[in-house]
>>> print(open('final_28.pdb').read())   # PDB, C-alpha atoms, pLDDT in the B column
ATOM      1  CA  MET A   1     120.659 131.174 126.965  1.00 65.00           C
ATOM      2  CA  SER A   2     117.078 132.459 126.870  1.00 83.00           C
ATOM      3  CA  LYS A   3     114.669 131.742 124.056  1.00 95.00           C
ATOM      4  CA  ILE A   4     112.202 134.306 122.690  1.00 96.00           C
ATOM      5  CA  ILE A   5     109.071 133.118 120.899  1.00 96.00           C
ATOM      6  CA  ASP A   6     106.222 134.773 119.022  1.00 97.00           C
ATOM      7  CA  VAL A   7     102.834 134.014 120.563  1.00 96.00           C
ATOM      8  CA  LEU A   8     100.037 133.738 118.007  1.00 95.00           C
ATOM      9  CA  ILE A   9      96.289 134.220 118.023  1.00 92.00           C
ATOM     10  CA  PRO A  10      95.051 130.612 118.033  1.00 88.00           C
ATOM     11  CA  LYS A  11      93.478 128.948 115.022  1.00 82.00           C
ATOM     12  CA  TYR A  12      89.718 129.439 115.137  1.00 70.00           C
ATOM     13  CA  PRO A  13      87.558 126.356 115.708  1.00 60.00           C
ATOM     14  CA  GLU A  14      86.440 124.640 112.503  1.00 57.00           C
ATOM     15  CA  CYS A  15      82.796 124.925 113.569  1.00 57.00           C
ATOM     16  CA  TRP A  16      82.933 128.730 113.173  1.00 55.00           C
ATOM     17  CA  LYS A  17      82.964 128.348 109.394  1.00 56.00           C
ATOM     18  CA  SER A  18      79.974 125.992 109.283  1.00 56.00           C
ATOM     19  CA  CYS A  19      77.814 127.350 112.097  1.00 60.00           C
ATOM     20  CA  GLY A  20      78.774 130.997 112.322  1.00 55.00           C
ATOM     21  CA  ASN A  21      76.966 131.591 115.608  1.00 56.00           C
ATOM     22  CA  CYS A  22      79.958 131.983 117.934  1.00 57.00           C
ATOM     23  CA  GLY A  23      82.401 133.530 115.511  1.00 53.00           C
ATOM     24  CA  ALA A  24      80.081 135.859 113.621  1.00 57.00           C
ATOM     25  CA  GLY A  25      81.736 139.130 112.631  1.00 69.00           C
ATOM     26  CA  GLU A  26      85.210 140.405 113.367  1.00 84.00           C
ATOM     27  CA  ILE A  27      87.347 139.100 116.207  1.00 89.00           C
ATOM     28  CA  THR A  28      88.582 141.930 118.422  1.00 93.00           C
ATOM     29  CA  VAL A  29      90.792 142.260 121.466  1.00 95.00           C
ATOM     30  CA  ASP A  30      88.500 142.896 124.433  1.00 95.00           C
ATOM     31  CA  ASP A  31      91.252 143.174 127.070  1.00 97.00           C
ATOM     32  CA  VAL A  32      95.016 142.857 127.447  1.00 98.00           C
ATOM     33  CA  LEU A  33      95.949 141.526 130.885  1.00 98.00           C
ATOM     34  CA  VAL A  34      99.752 141.817 130.664  1.00 98.00           C
ATOM     35  CA  LEU A  35     102.374 144.456 129.970  1.00 98.00           C
ATOM     36  CA  PRO A  36     105.962 144.215 128.757  1.00 98.00           C
ATOM     37  CA  GLY A  37     108.118 143.031 131.656  1.00 98.00           C
ATOM     38  CA  ASP A  38     105.345 141.014 133.294  1.00 98.00           C
ATOM     39  CA  THR A  39     106.159 137.438 134.278  1.00 97.00           C
ATOM     40  CA  VAL A  40     103.506 134.878 133.372  1.00 97.00           C
ATOM     41  CA  LYS A  41     103.003 131.183 134.055  1.00 96.00           C
ATOM     42  CA  ARG A  42     101.795 128.602 131.550  1.00 96.00           C
ATOM     43  CA  ASP A  43      98.003 128.904 131.150  1.00 96.00           C
ATOM     44  CA  ASP A  44      97.779 132.429 132.654  1.00 97.00           C
ATOM     45  CA  THR A  45      95.320 134.498 130.594  1.00 97.00           C
ATOM     46  CA  LEU A  46      97.219 136.995 128.423  1.00 97.00           C
ATOM     47  CA  ILE A  47      94.423 138.570 126.390  1.00 97.00           C
ATOM     48  CA  VAL A  48      90.665 138.245 125.994  1.00 95.00           C
ATOM     49  CA  LEU A  49      89.160 138.068 122.502  1.00 92.00           C
ATOM     50  CA  GLU A  50      85.584 139.047 121.674  1.00 90.00           C
ATOM     51  CA  THR A  51      83.707 137.415 118.803  1.00 83.00           C
ATOM     52  CA  GLY A  52      80.519 139.427 119.112  1.00 76.00           C
ATOM     53  CA  LYS A  53      78.854 136.529 120.908  1.00 77.00           C
ATOM     54  CA  VAL A  54      81.635 134.877 122.910  1.00 82.00           C
ATOM     55  CA  ALA A  55      84.582 136.089 125.001  1.00 87.00           C
ATOM     56  CA  LEU A  56      87.661 133.860 124.758  1.00 88.00           C
ATOM     57  CA  ASP A  57      90.483 133.860 127.320  1.00 93.00           C
ATOM     58  CA  ILE A  58      93.783 133.267 125.503  1.00 94.00           C
ATOM     59  CA  PRO A  59      96.356 131.575 127.768  1.00 95.00           C
ATOM     60  CA  ALA A  60     100.159 131.697 127.847  1.00 96.00           C
ATOM     61  CA  PRO A  61     101.601 128.689 126.013  1.00 94.00           C
ATOM     62  CA  GLN A  62     104.585 128.580 128.402  1.00 95.00           C
ATOM     63  CA  SER A  63     106.018 130.405 131.405  1.00 96.00           C
ATOM     64  CA  GLY A  64     108.056 133.492 130.635  1.00 97.00           C
ATOM     65  CA  THR A  65     108.430 137.247 130.574  1.00 97.00           C
ATOM     66  CA  VAL A  66     106.423 139.404 128.176  1.00 98.00           C
ATOM     67  CA  ILE A  67     108.870 141.238 125.899  1.00 97.00           C
ATOM     68  CA  GLU A  68     106.582 143.130 123.511  1.00 97.00           C
ATOM     69  CA  LEU A  69     102.847 143.505 122.821  1.00 98.00           C
ATOM     70  CA  PHE A  70     101.477 143.995 119.326  1.00 98.00           C
ATOM     71  CA  VAL A  71      97.760 144.419 120.163  1.00 98.00           C
ATOM     72  CA  ALA A  72      95.599 146.716 122.271  1.00 98.00           C
ATOM     73  CA  PRO A  73      91.942 146.639 123.355  1.00 97.00           C
ATOM     74  CA  GLY A  74      89.694 147.279 120.369  1.00 96.00           C
ATOM     75  CA  ASP A  75      92.144 145.949 117.768  1.00 97.00           C
ATOM     76  CA  THR A  76      90.787 143.549 115.156  1.00 95.00           C
ATOM     77  CA  VAL A  77      92.852 140.350 114.901  1.00 94.00           C
ATOM     78  CA  VAL A  78      93.060 137.312 112.647  1.00 91.00           C
ATOM     79  CA  GLU A  79      94.021 133.728 113.416  1.00 89.00           C
ATOM     80  CA  ARG A  80      97.771 133.015 113.539  1.00 92.00           C
ATOM     81  CA  GLN A  81      98.607 136.737 114.019  1.00 95.00           C
ATOM     82  CA  VAL A  82     101.514 137.465 116.393  1.00 97.00           C
ATOM     83  CA  TYR A  83     100.149 139.320 119.407  1.00 97.00           C
ATOM     84  CA  LEU A  84     103.179 139.287 121.729  1.00 97.00           C
ATOM     85  CA  THR A  85     106.703 138.022 122.201  1.00 98.00           C
ATOM     86  CA  LEU A  86     107.658 135.978 125.232  1.00 97.00           C
ATOM     87  CA  GLU A  87     111.062 135.192 126.712  1.00 97.00           C
ATOM     88  CA  LEU A  88     110.707 131.634 127.961  1.00 95.00           C
ATOM     89  CA  HIS A  89     111.476 130.456 131.473  1.00 84.00           C
ATOM     90  CA  GLN A  90     112.408 126.931 132.449  1.00 73.00           C
ATOM     91  CA  ASP A  91     109.171 125.157 133.528  1.00 55.00           C
TER      92      ASP A  91
END
>>> encode(input="final_28.pdb", output="structure tokens")
Amino acid sequence: MSKIIDVLIPKYPECWKSCGNCGAGEITVDDVLVLPGDTVKRDDTLIVLETGKVALDIPAPQSGTVIELFVAPGDTVVERQVYLTLELHQD
């Protein structure tokens, strides 16, 4: 039986609240590197986030097949937002 999980935008580093240099402004999706049906391995980059000062590669938490995407380039996102669903593979 396969398992489908929601993959979330990661929690932002605590230092962003105190410093503000890296995470100033809105966080947007710079690039989406996968499509529904694509097979990914753990740690493959799925999307790239842009903070205004820093680009962040967001990796796959586990190996699997992308089922559905909920973001596109240019979208504004928030921490812990679901950005795709993944059908897990056995690692």
>>> residues_around(input="final_28.pdb", residues="range 33-48 of chain A", least_positions_apart="6", cutoff="7 Å", atoms="all atoms listed in the file", output="JSON, numbers by chain")
{"A": [55, 56, 57, 58, 59, 60, 61, 62, 63, 64, 65, 66, 67, 68, 69]}
>>> write_last_selection(input="final_28.pdb", atoms="C-alpha atoms", output="PDB file, in the coordinates of the input")
ATOM      1  CA  ALA A  55      84.582 136.089 125.001  1.00 87.00           C
ATOM      2  CA  LEU A  56      87.661 133.860 124.758  1.00 88.00           C
ATOM      3  CA  ASP A  57      90.483 133.860 127.320  1.00 93.00           C
ATOM      4  CA  ILE A  58      93.783 133.267 125.503  1.00 94.00           C
ATOM      5  CA  PRO A  59      96.356 131.575 127.768  1.00 95.00           C
ATOM      6  CA  ALA A  60     100.159 131.697 127.847  1.00 96.00           C
ATOM      7  CA  PRO A  61     101.601 128.689 126.013  1.00 94.00           C
ATOM      8  CA  GLN A  62     104.585 128.580 128.402  1.00 95.00           C
ATOM      9  CA  SER A  63     106.018 130.405 131.405  1.00 96.00           C
ATOM     10  CA  GLY A  64     108.056 133.492 130.635  1.00 97.00           C
ATOM     11  CA  THR A  65     108.430 137.247 130.574  1.00 97.00           C
ATOM     12  CA  VAL A  66     106.423 139.404 128.176  1.00 98.00           C
ATOM     13  CA  ILE A  67     108.870 141.238 125.899  1.00 97.00           C
ATOM     14  CA  GLU A  68     106.582 143.130 123.511  1.00 97.00           C
ATOM     15  CA  LEU A  69     102.847 143.505 122.821  1.00 98.00           C
TER      16      LEU A  69
END
>>> closest_residue(input="final_28.pdb", among="A:Thr51, A:Ala72, A:Val7, A:Tyr12", to="Asp31 in chain A", atoms="all atoms listed in the file")
A:Ala72
>>> resolve_selection(input="final_28.pdb", expression="the PyMOL selection byres ((chain A and resi 80) around 12)", output="ChimeraX atom specification")
/A:6-12,77-79,81-84
>>> write_last_selection(input="final_28.pdb", atoms="C-alpha atoms", output="short mmCIF file (atom, residue, chain, number, x, y, z; two decimals), keeping the file's coordinate frame")
data_model
loop_
_atom_site.label_atom_id
_atom_site.label_comp_id
_atom_site.auth_asym_id
_atom_site.auth_seq_id
_atom_site.Cartn_x
_atom_site.Cartn_y
_atom_site.Cartn_z
CA ASP A 6 106.22 134.77 119.02
CA VAL A 7 102.83 134.01 120.56
CA LEU A 8 100.04 133.74 118.01
CA ILE A 9 96.29 134.22 118.02
CA PRO A 10 95.05 130.61 118.03
CA LYS A 11 93.48 128.95 115.02
CA TYR A 12 89.72 129.44 115.14
CA VAL A 77 92.85 140.35 114.90
CA VAL A 78 93.06 137.31 112.65
CA GLU A 79 94.02 133.73 113.42
CA GLN A 81 98.61 136.74 114.02
CA VAL A 82 101.51 137.46 116.39
CA TYR A 83 100.15 139.32 119.41
CA LEU A 84 103.18 139.29 121.73
#
>>> atom_distance(input="final_28.pdb", atom1="CA of Thr85 in chain A", atom2="CA of Ser2 in chain A")
12.7 Å
>>> atom_distance(input="final_28.pdb", atom1="CA of Glu26 in chain A", atom2="CA of Pro73 in chain A")
13.6 Å
>>> atom_distance(input="final_28.pdb", atom1="CA of Ile27 in chain A", atom2="CA of Asp75 in chain A")
8.5 Å
>>> closest_residue(input="final_28.pdb", among="A:Lys53, A:Asp30, A:Ile4, A:His89", to="Gly74 in chain A", atoms="only C-alpha atoms")
A:Asp30
>>> axis_aligned_box(input="final_28.pdb", around="range 5-14 of chain A", padding_each_side="6 Å", output="lines of an AutoDock Vina configuration file")
center_x = 97.8
center_y = 129.7
center_z = 116.7
size_x = 34.6
size_y = 22.1
size_z = 20.4
